[in-house]
Amino acid sequence: MILGTAGHIDHGKTALVKALTGVDTDRLPEEKRRGITIDLGFAPLVVDGIGTVGIVDVPGHEAFVRTMLAGASGIDIALLVVAADEGVMPQTREHLEILSLLGIPRAVVALTKRDLVTEEWLSLVMDDVRALLSDTRFAASELVPVSAVSGAGVPELRRAIAAAALGAKERSRPADDLFRMPVDRAFTVKGTGTVVTGTVWSGMVARDATVRIFSPGKRSRVRGIQHHGEVVKSAGPGERVALALSDLDVSEVARGSVVIAEPSWPVTTRIEADVRLTATDVAIGPRTRLRFHLGTADVGARISRRVVEGFADEQHFIATIVLDEPLLVRGRDRFVLRLPSPPTTIGGGVIRDPLPPRKRRRRAASTVAARNASELLNEMTRAADLSGLPVEQVPIRLGLPPADAVVLARETGLVEIESRLYHTKVLEELEQTVQRIVLAHVENFPLEPGVQLQSLRSTAGAPDRVIDRILDQLAKKGKIEIRQSSVRPAGWSPRLSGRDRGVAEAVMHRICITPSEPPAVSELVEVFGEKVEDVLRYLERNGEVVKVSEDRYYSPDAVAKMVGKLRSTLEPGRTYSPAELREVLGVSRKYLIPFLEFCDVKGVTSRNAAGRVLAGRDAGARTGGNR
């Protein structure tokens, strides 16, 4: 569990942490010289009934708000520090605003330097603080007057922190989640190598685990873990840890980097978010340059509003945020928006989708904002359309532990196909599309056995895995039949119409007039029209003609007789020249060569350098054995 300080400069945050823990968190020489906190400081606090709570001490100077943001992200309890002799000051208000934007669930207020003011003054300051908190989530927070110098009120402050920690513990983050830890410090330890510190946001990390660092996207191994100075085997959510990483130079990692254990976690430069502006006097447009703070990261950004119902308020809207640099972001993450000049906090919000589609399908785009995880998952799968939503992305895009994401997908009624989730509406629309394609094909080509599978997949524009699922479902419903590689409506079969039947009879007559030398397809087309080719393919499928070459069809009887002549006349093992074979079949060379090539394919003859021989099976039949 993490407790983070907040408050105006010189209100005694660091002194109070020292009074609570005995640790001076100002470690830099510059901090000692100037007497102010510049960078983040850390200390352990032992709380009765809770254990060790990690304290993150942040700077209060307005110039270091970005550092304060890096420290405030990921804390469970805020310790808002207000000096009793000065009361509420500018950074008191800005820090409180940031704590609210980051969704920090609980806070304890310490009124420091109580030894410098009278009871009457202290009472006035307490009233001011309560008024400040009245319209925030921290309205019920306990106010504890304290003196870091005399120690007065320190025991009471400890009890208040313990009570807040007990409430925060009841809402602790699950350990069976994806591991993620934003880095707030990186340094080198002699004999150990590169060490990074941070607060574990989610999941577990163990010694010898393989992790990935973003950026620069390098893989590393966890050589060791320390928690408040003690060597441990593993660490979980809400714990301050130091990780010793192998094969990583300290120059390759810095504040703003993130350590993760999930290799499929993608980075992004576009996010969709629920944005709230707290500054009412600032106009924000698509070209407004902003600073986007998430975790320990701080990057430039621009925002563009998305029009949805229920978000007509100028101060509260859904927007697409375009980042200047790629970040590792997760659904439900909270962020803060600031103007770069003058540096001012203007708002923040919650990530709705870290990987929104660049273009929304008109039929899938919703004008109503999803109100919960189930609706959001429905919206994501509708937007994913026929590509589907990769299952491994769901915990990242929704900000849920993997097990919860699986349950939600099941409850939402989504269909999983090869590790991708599909919305039922998308599949229903595709099912209708497939049926239309099949029906249109048999109407336009009534003599064909159906639409070819490959052609159907191409026309439908869906991945094979999805088309195959749809075809399987349609077949089970009795809507279609799949014969070899063709798809057709159930119960349908190609039939000759009256006109086509007339063409078929005329074509068959022409083919049978000269059975060993039938007319070419091109010749038949000249006489009977383009329909001839469709009719011939239909007759071939029904076994009424045999396709010998691309431009020549024979009657089955003619083919059988010509093959019979070859088998009865040719001597096994002897090679026959084309001239000799022409004498056997009694046809011209124009017909001979295509027919012999047909016989080669069918295994009747076999071609060699000098001519052709009777194929092995036929030769064996003549001689009683194989040659």
# chains A, B, ... in the order shown; residues from 1 in each chain; ligands from 1
$ residues_around --residues "range 334-338 of chain A" --least-positions-apart "6" --cutoff "7 Å" --atoms "only C-alpha atoms" --output "list of chain:residue names"
A:Leu101, A:Leu102, A:Leu290, A:Arg291, A:Phe292, A:His293, A:Leu294, A:Thr344, A:Thr345, A:Ile346, A:Gly347, A:Gly348, A:Gly349, A:Val350, A:Ile351
$ residues_around --residues "range 172-180 of chain A" --least-positions-apart "2" --cutoff "10 Å" --atoms "only C-alpha atoms" --output "NGL selection string"
:A and (1 or 76 or 166-170 or 182-183 or 198-205 or 211-213 or 235-238 or 258-262 or 265 or 328 or 395-396 or 399-404)
$ write_last_selection --atoms "N, CA, C and O atoms" --output "compact mmCIF listing (two decimals), in the first residue's frame"
# COMPACT_ATOMS: atom_id res chain seq x y z
N MET A 1 0.84 -1.19 0.00
CA MET A 1 0.00 0.00 0.00
C MET A 1 0.87 1.24 0.00
O MET A 1 1.91 1.27 0.67
N ASP A 76 -2.49 4.89 -2.92
CA ASP A 76 -3.78 4.43 -2.40
C ASP A 76 -4.40 5.44 -1.44
O ASP A 76 -5.62 5.52 -1.32
N LEU A 166 -6.84 0.87 6.37
CA LEU A 166 -7.71 -0.29 6.53
C LEU A 166 -8.83 -0.26 5.49
O LEU A 166 -9.17 -1.28 4.88
N GLY A 167 -9.40 0.94 5.25
CA GLY A 167 -10.43 1.07 4.23
C GLY A 167 -9.89 0.82 2.83
O GLY A 167 -10.54 0.21 1.99
N ALA A 168 -8.67 1.30 2.57
CA ALA A 168 -8.05 1.09 1.26
C ALA A 168 -7.71 -0.37 1.03
O ALA A 168 -7.78 -0.88 -0.10
N LYS A 169 -7.35 -1.08 2.11
CA LYS A 169 -6.97 -2.49 2.00
C LYS A 169 -8.15 -3.33 1.56
O LYS A 169 -8.00 -4.33 0.85
N GLU A 170 -9.36 -2.92 2.00
CA GLU A 170 -10.57 -3.66 1.62
C GLU A 170 -10.81 -3.61 0.12
O GLU A 170 -11.51 -4.44 -0.44
N PRO A 182 5.34 1.46 -13.38
CA PRO A 182 5.98 2.67 -13.91
C PRO A 182 7.27 2.96 -13.12
O PRO A 182 7.30 2.84 -11.89
N VAL A 183 8.30 3.36 -13.83
CA VAL A 183 9.61 3.61 -13.20
C VAL A 183 9.69 5.08 -12.78
O VAL A 183 9.42 5.98 -13.59
N GLY A 198 9.93 1.76 -8.29
CA GLY A 198 8.60 2.22 -8.63
C GLY A 198 7.56 1.54 -7.77
O GLY A 198 7.88 0.71 -6.91
N THR A 199 6.32 1.89 -8.01
CA THR A 199 5.19 1.27 -7.32
C THR A 199 4.53 0.29 -8.28
O THR A 199 4.20 0.65 -9.41
N VAL A 200 4.37 -0.95 -7.83
CA VAL A 200 3.72 -1.95 -8.67
C VAL A 200 2.25 -1.59 -8.81
O VAL A 200 1.52 -1.56 -7.82
N TRP A 201 1.84 -1.29 -10.02
CA TRP A 201 0.45 -0.91 -10.27
C TRP A 201 -0.47 -2.11 -10.31
O TRP A 201 -1.61 -2.06 -9.88
N SER A 202 0.00 -3.20 -10.89
CA SER A 202 -0.85 -4.39 -11.02
C SER A 202 0.00 -5.62 -11.20
O SER A 202 1.15 -5.55 -11.63
N GLY A 203 -0.58 -6.79 -10.84
CA GLY A 203 0.10 -8.06 -11.05
C GLY A 203 1.23 -8.33 -10.09
O GLY A 203 1.45 -7.59 -9.12
N MET A 204 1.95 -9.41 -10.38
CA MET A 204 3.07 -9.85 -9.54
C MET A 204 4.34 -9.94 -10.37
O MET A 204 4.29 -10.20 -11.57
N VAL A 205 5.47 -9.74 -9.71
CA VAL A 205 6.77 -9.95 -10.34
C VAL A 205 7.61 -10.80 -9.40
O VAL A 205 7.56 -10.61 -8.18
N VAL A 211 11.12 -9.77 -18.04
CA VAL A 211 10.27 -8.59 -18.14
C VAL A 211 10.66 -7.81 -19.39
O VAL A 211 11.70 -8.04 -19.98
N ARG A 212 9.79 -6.88 -19.75
CA ARG A 212 10.06 -6.01 -20.89
C ARG A 212 9.98 -4.57 -20.41
O ARG A 212 9.13 -4.23 -19.59
N ILE A 213 10.88 -3.74 -20.90
CA ILE A 213 10.93 -2.35 -20.48
C ILE A 213 10.50 -1.48 -21.65
O ILE A 213 11.06 -1.56 -22.74
N ALA A 235 6.95 -9.55 -5.55
CA ALA A 235 6.27 -8.34 -5.11
C ALA A 235 4.96 -8.21 -5.86
O ALA A 235 4.83 -8.69 -6.99
N GLY A 236 3.98 -7.57 -5.21
CA GLY A 236 2.66 -7.47 -5.80
C GLY A 236 2.15 -6.05 -5.85
O GLY A 236 2.87 -5.09 -5.54
N PRO A 237 0.89 -5.88 -6.24
CA PRO A 237 0.31 -4.54 -6.45
C PRO A 237 0.31 -3.72 -5.17
O PRO A 237 0.07 -4.21 -4.08
N GLY A 238 0.60 -2.41 -5.35
CA GLY A 238 0.61 -1.50 -4.22
C GLY A 238 1.88 -1.52 -3.40
O GLY A 238 1.95 -0.88 -2.35
N VAL A 258 8.24 1.97 -18.31
CA VAL A 258 7.33 1.05 -17.64
C VAL A 258 7.89 -0.36 -17.75
O VAL A 258 8.35 -0.76 -18.82
N VAL A 259 7.86 -1.10 -16.64
CA VAL A 259 8.29 -2.49 -16.64
C VAL A 259 7.04 -3.36 -16.68
O VAL A 259 6.13 -3.19 -15.86
N ILE A 260 6.98 -4.27 -17.64
CA ILE A 260 5.82 -5.16 -17.79
C ILE A 260 6.29 -6.59 -17.98
O ILE A 260 7.46 -6.85 -18.29
N ALA A 261 5.37 -7.53 -17.79
CA ALA A 261 5.70 -8.94 -18.00
C ALA A 261 4.86 -9.54 -19.11
O ALA A 261 4.97 -10.71 -19.38
N GLU A 262 4.04 -8.73 -19.75
CA GLU A 262 3.16 -9.24 -20.81
C GLU A 262 3.69 -8.82 -22.18
O GLU A 262 3.62 -7.65 -22.54
N TRP A 265 1.56 -6.71 -24.85
CA TRP A 265 1.01 -5.41 -24.49
C TRP A 265 1.44 -4.37 -25.52
O TRP A 265 2.60 -4.01 -25.61
N LEU A 328 2.63 3.20 -23.16
CA LEU A 328 2.01 1.95 -22.77
C LEU A 328 0.84 2.30 -21.84
O LEU A 328 1.05 2.74 -20.72
N PRO A 395 -7.94 -7.69 -21.59
CA PRO A 395 -7.56 -7.19 -20.26
C PRO A 395 -6.88 -5.82 -20.33
O PRO A 395 -7.00 -5.02 -19.39
N ILE A 396 -6.18 -5.55 -21.42
CA ILE A 396 -5.47 -4.27 -21.56
C ILE A 396 -6.46 -3.16 -21.93
O ILE A 396 -6.45 -2.08 -21.33
N GLY A 399 -8.91 -2.82 -18.95
CA GLY A 399 -8.33 -2.61 -17.63
C GLY A 399 -8.82 -3.61 -16.61
O GLY A 399 -9.02 -3.29 -15.44
N LEU A 400 -9.01 -4.87 -17.05
CA LEU A 400 -9.49 -5.92 -16.16
C LEU A 400 -8.47 -7.04 -16.05
O LEU A 400 -7.71 -7.29 -17.00
N PRO A 401 -8.42 -7.75 -14.91
CA PRO A 401 -7.58 -8.95 -14.83
C PRO A 401 -8.02 -9.95 -15.89
O PRO A 401 -9.21 -10.00 -16.25
N PRO A 402 -7.10 -10.75 -16.42
CA PRO A 402 -7.44 -11.69 -17.51
C PRO A 402 -8.63 -12.59 -17.18
O PRO A 402 -9.49 -12.81 -18.04
N ALA A 403 -8.69 -13.11 -15.96
CA ALA A 403 -9.79 -14.01 -15.60
C ALA A 403 -11.13 -13.28 -15.67
O ALA A 403 -12.14 -13.83 -16.14
N ASP A 404 -11.17 -12.04 -15.18
CA ASP A 404 -12.40 -11.26 -15.24
C ASP A 404 -12.80 -10.94 -16.67
O ASP A 404 -13.99 -10.90 -17.01
$ select_by_dssp --residues "range 206-438 of chain A" --states "helix (DSSP H, G or I)" --output "number ranges by chain"
A: 250-252, 373-387, 391-398, 402-412, 424-438
$ closest_residue --among "A:Leu133, A:Ala164, A:Ile470, A:Leu116" --to "Ile2 in chain A" --atoms "only C-alpha atoms"
A:Ala164
$ closest_residue --among "A:Gly300, A:Gly191, A:Pro356, A:Pro449" --to "Glu540 in chain A" --atoms "only C-alpha atoms"
A:Pro449
$ atom_distance --atom1 "CA of Val81 in chain A" --atom2 "CA of Ala110 in chain A"
4.9 Å
$ closest_residue --among "A:Ser251, A:Ser549, A:Ser304, A:Thr197" --to "Asp274 in chain A" --atoms "only C-alpha atoms"
A:Ser304
$ closest_residue --among "A:Ser555, A:Ser141, A:Ser588, A:Ser486" --to "Val507 in chain A" --atoms "only C-alpha atoms"
A:Ser555
$ closest_residue --among "A:Gly295, A:Pro489, A:Gly193, A:Gly54" --to "Val250 in chain A" --atoms "only C-alpha atoms"
A:Gly193
$ atom_distance --atom1 "CA of Arg410 in chain A" --atom2 "CA of Ile271 in chain A"
25.6 Å
